[in-house]
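Source file: coords_21.cif. Holds: mmCIF, C-alpha atoms.
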```cif
data_my_file
loop_
_atom_site.label_atom_id
_atom_site.label_comp_id
_atom_site.auth_asym_id
_atom_site.auth_seq_id
_atom_site.Cartn_x
_atom_site.Cartn_y
_atom_site.Cartn_z
CA MET B 99 107.59 107.46 101.70
CA MET B 100 109.61 105.82 104.44
CA TYR B 101 112.91 106.53 102.73
CA GLY B 102 111.94 110.18 102.40
CA PHE B 103 111.62 110.33 106.19
CA GLY B 104 115.04 108.83 106.79
CA ASP B 105 114.43 105.08 106.69
CA ASP B 106 116.57 102.55 104.87
CA PRO B 107 116.27 102.59 101.05
CA ASN B 108 115.12 98.96 101.25
CA PRO B 109 112.97 98.58 104.39
CA LEU B 110 111.76 95.24 105.65
CA PRO B 111 108.57 94.01 103.97
CA GLU B 112 106.91 93.69 107.38
CA THR B 113 107.64 97.35 108.10
CA VAL B 114 106.25 98.41 104.74
CA THR B 115 103.10 96.38 105.34
CA LEU B 116 102.65 97.87 108.82
CA VAL B 117 103.09 101.47 107.62
CA LYS B 118 100.77 100.80 104.68
CA ASP B 119 98.09 99.44 107.02
CA ILE B 120 98.41 102.45 109.36
CA VAL B 121 98.18 104.93 106.50
CA MET B 122 95.24 103.12 104.90
CA GLU B 123 93.39 103.06 108.22
CA TYR B 124 94.05 106.78 108.78
CA VAL B 125 92.93 107.79 105.28
CA THR B 126 89.85 105.57 105.42
CA ASP B 127 88.87 106.93 108.83
CA LEU B 128 89.40 110.51 107.65
CA ALA B 129 87.32 109.89 104.53
CA HIS B 130 84.47 108.37 106.55
CA LYS B 131 84.46 111.31 108.97
CA ALA B 132 84.49 113.76 106.06
CA GLN B 133 81.63 111.86 104.48
CA ASP B 134 79.64 112.16 107.69
CA ILE B 135 80.23 115.91 107.75
CA GLY B 136 79.48 116.26 104.04
CA SER B 137 76.27 114.26 104.25
CA LYS B 138 74.69 117.10 106.21
CA ARG B 139 75.02 119.29 103.11
CA GLY B 140 74.47 116.50 100.64
CA LYS B 141 77.95 116.37 99.13
CA LEU B 142 81.58 115.85 100.08
CA SER B 143 83.96 118.77 99.61
CA VAL B 144 87.55 119.77 100.28
CA GLU B 145 86.37 121.98 103.13
CA ASP B 146 85.14 118.86 104.96
CA PHE B 147 88.68 117.52 105.05
CA LEU B 148 90.11 120.90 106.03
CA PHE B 149 87.60 121.06 108.87
CA LEU B 150 88.77 117.68 110.17
CA ILE B 151 92.44 118.65 110.22
CA ARG B 152 91.91 122.22 111.47
CA LYS B 153 93.59 121.49 114.81
CA ASP B 154 96.69 119.91 113.22
CA LEU B 155 98.39 123.07 111.96
CA PRO B 156 101.24 121.44 109.99
CA LYS B 157 98.76 119.29 108.05
CA LEU B 158 96.38 122.19 107.56
CA ASN B 159 99.15 124.48 106.32
CA ARG B 160 100.46 121.85 103.93
CA CYS B 161 96.97 121.16 102.56
CA THR B 162 96.25 124.84 101.99
CA GLU B 163 99.65 125.22 100.33
CA LEU B 164 98.95 122.30 98.00
CA LEU B 165 95.49 123.61 97.20
CA SER B 166 96.86 127.05 96.32
CA MET B 167 99.55 125.45 94.12
CA GLN B 168 96.83 123.42 92.40
CA GLU B 169 94.90 126.62 91.69
CA GLU B 170 98.05 128.31 90.33
CA LEU B 171 98.66 125.35 88.04
CA LYS B 172 95.07 125.50 86.78
CA GLN B 173 95.48 129.19 85.99
CA ALA B 174 98.81 128.56 84.24
CA ARG B 175 97.32 125.76 82.13
CA LYS B 176 94.37 127.96 81.26
CA ALA B 177 96.68 130.79 80.17
CA PHE B 178 98.76 128.36 78.13
CA GLU B 179 95.68 126.99 76.37
CA VAL B 180 94.54 130.51 75.51
CA ASP B 181 97.98 131.30 74.07
CA GLU B 182 97.83 128.15 71.92
CA GLU B 183 94.40 129.13 70.64
CA LYS B 184 95.67 132.60 69.71
CA LEU B 185 98.65 131.08 67.89
CA ALA B 186 96.37 128.73 65.99
CA THR B 187 94.19 131.60 64.79
CA LEU B 188 97.23 133.60 63.68
CA GLU B 189 98.52 130.81 61.46
#
```

In structure tokens, what does this structure look like?
Amino acid sequence: MMYGFGDDPNPLPETVTLVKDIVMEYVTDLAHKAQDIGSKRGKLSVEDFLFLIRKDLPKLNRCTELLSMQEELKQARKAFEVDEEKLATLE
């Protein structure tokens, strides 16, 4: 991840540990906040996370982009499975 953002290909182990700790703390905190929001409805959902990042537009846009790509991939897999089933019945 660090190299992708312009760091050295082989960063110092201390730097890697620090970034790992920061990311883990952020993700854990986000998950706990989402859990608190989701507990009001009784379950945790993607919308809980989207609600938490609603004010951070780059993150929100990236998440919605990834979610739409996930849905497109599901539809493509579903179409591919149907085509395989049709081929199997033709043989």

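The two atoms in question, CA of Ile135 in chain B and CA of Ile151 in chain B, are spaced 12.8 Å apart.
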
Neighbours of point (113.3, 103.8, 105.0) within 12 Å, using only C-alpha atoms, written as a PyMOL selection string: chain B and resi 99-111+113-114+117

Shell of 9 Å around range 158-171 of chain B, only C-alpha atoms, local chain residues under 6 positions omitted, as a ChimeraX atom specification: /B:148-149,151-152

Gln133 in chain B environment, 9 Å, only C-alpha atoms, sequence neighbours closer than 6 positions dropped, as a VMD selection string: chain B and resid 141 to 143 146

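Computed from the coordinates, the CA of Val121 in chain B to CA of Asp154 in chain B distance equals 16.5 Å.
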
Point-to-point distance from CA of Glu123 in chain B to CA of Val144 in chain B, Å rounded to tenths: 19.4 Å

Since the input is missing atoms, can you rebuild N, CA, C and O atoms for range 112-137 of chain B and write them as a tab-separated table (two decimals), in the coordinates of the input?
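Once everything was written out, this is part.tsv:
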```tsv
chain	number	residue	atom	x	y	z
B	112	GLU	N	107.85	93.61	106.27
B	112	GLU	CA	106.91	93.69	107.38
B	112	GLU	C	106.68	95.14	107.79
B	112	GLU	O	105.55	95.54	108.11
B	113	THR	N	107.74	95.94	107.75
B	113	THR	CA	107.64	97.35	108.10
B	113	THR	C	106.79	98.09	107.07
B	113	THR	O	105.94	98.90	107.42
B	114	VAL	N	107.03	97.78	105.81
B	114	VAL	CA	106.25	98.41	104.74
B	114	VAL	C	104.77	98.07	104.89
B	114	VAL	O	103.90	98.94	104.77
B	115	THR	N	104.48	96.82	105.17
B	115	THR	CA	103.10	96.38	105.34
B	115	THR	C	102.45	97.09	106.52
B	115	THR	O	101.30	97.54	106.43
B	116	LEU	N	103.18	97.22	107.64
B	116	LEU	CA	102.65	97.87	108.82
B	116	LEU	C	102.35	99.35	108.54
B	116	LEU	O	101.26	99.84	108.85
B	117	VAL	N	103.30	100.05	107.93
B	117	VAL	CA	103.09	101.47	107.62
B	117	VAL	C	101.94	101.64	106.63
B	117	VAL	O	101.10	102.53	106.78
B	118	LYS	N	101.87	100.75	105.65
B	118	LYS	CA	100.77	100.80	104.68
B	118	LYS	C	99.43	100.63	105.37
B	118	LYS	O	98.48	101.37	105.10
B	119	ASP	N	99.34	99.68	106.30
B	119	ASP	CA	98.09	99.44	107.02
B	119	ASP	C	97.70	100.66	107.87
B	119	ASP	O	96.53	101.04	107.91
B	120	ILE	N	98.69	101.27	108.52
B	120	ILE	CA	98.41	102.45	109.36
B	120	ILE	C	97.91	103.60	108.51
B	120	ILE	O	96.92	104.26	108.84
B	121	VAL	N	98.58	103.84	107.38
B	121	VAL	CA	98.18	104.93	106.50
B	121	VAL	C	96.80	104.68	105.91
B	121	VAL	O	95.95	105.58	105.86
B	122	MET	N	96.55	103.46	105.47
B	122	MET	CA	95.24	103.12	104.90
B	122	MET	C	94.13	103.32	105.93
B	122	MET	O	93.06	103.83	105.61
B	123	GLU	N	94.39	102.90	107.16
B	123	GLU	CA	93.39	103.06	108.22
B	123	GLU	C	93.14	104.54	108.49
B	123	GLU	O	91.98	104.97	108.63
B	124	TYR	N	94.19	105.35	108.53
B	124	TYR	CA	94.05	106.78	108.78
B	124	TYR	C	93.25	107.45	107.67
B	124	TYR	O	92.32	108.21	107.92
B	125	VAL	N	93.61	107.17	106.42
B	125	VAL	CA	92.93	107.79	105.28
B	125	VAL	C	91.47	107.35	105.21
B	125	VAL	O	90.57	108.17	104.97
B	126	THR	N	91.22	106.08	105.43
B	126	THR	CA	89.85	105.57	105.42
B	126	THR	C	89.02	106.21	106.51
B	126	THR	O	87.88	106.65	106.27
B	127	ASP	N	89.58	106.31	107.71
B	127	ASP	CA	88.87	106.93	108.83
B	127	ASP	C	88.59	108.41	108.53
B	127	ASP	O	87.48	108.90	108.77
B	128	LEU	N	89.57	109.11	107.99
B	128	LEU	CA	89.40	110.51	107.65
B	128	LEU	C	88.32	110.69	106.58
B	128	LEU	O	87.47	111.59	106.67
B	129	ALA	N	88.32	109.82	105.59
B	129	ALA	CA	87.32	109.89	104.53
B	129	ALA	C	85.91	109.62	105.07
B	129	ALA	O	84.95	110.30	104.68
B	130	HIS	N	85.79	108.66	105.97
B	130	HIS	CA	84.47	108.37	106.55
B	130	HIS	C	83.97	109.54	107.39
B	130	HIS	O	82.78	109.90	107.33
B	131	LYS	N	84.86	110.15	108.17
B	131	LYS	CA	84.46	111.31	108.97
B	131	LYS	C	84.07	112.47	108.07
B	131	LYS	O	83.08	113.17	108.34
B	132	ALA	N	84.83	112.69	107.00
B	132	ALA	CA	84.49	113.76	106.06
B	132	ALA	C	83.16	113.48	105.39
B	132	ALA	O	82.37	114.40	105.16
B	133	GLN	N	82.90	112.24	105.08
B	133	GLN	CA	81.63	111.86	104.48
B	133	GLN	C	80.47	112.14	105.43
B	133	GLN	O	79.41	112.61	105.00
B	134	ASP	N	80.68	111.87	106.70
B	134	ASP	CA	79.64	112.16	107.69
B	134	ASP	C	79.35	113.66	107.75
B	134	ASP	O	78.19	114.07	107.83
B	135	ILE	N	80.40	114.46	107.72
B	135	ILE	CA	80.23	115.91	107.75
B	135	ILE	C	79.55	116.38	106.46
B	135	ILE	O	78.64	117.20	106.48
B	136	GLY	N	80.01	115.85	105.33
B	136	GLY	CA	79.48	116.26	104.04
B	136	GLY	C	78.05	115.82	103.82
B	136	GLY	O	77.31	116.45	103.04
B	137	SER	N	77.64	114.76	104.46
B	137	SER	CA	76.27	114.26	104.25
B	137	SER	C	75.23	115.24	104.77
B	137	SER	O	74.10	115.22	104.33
```
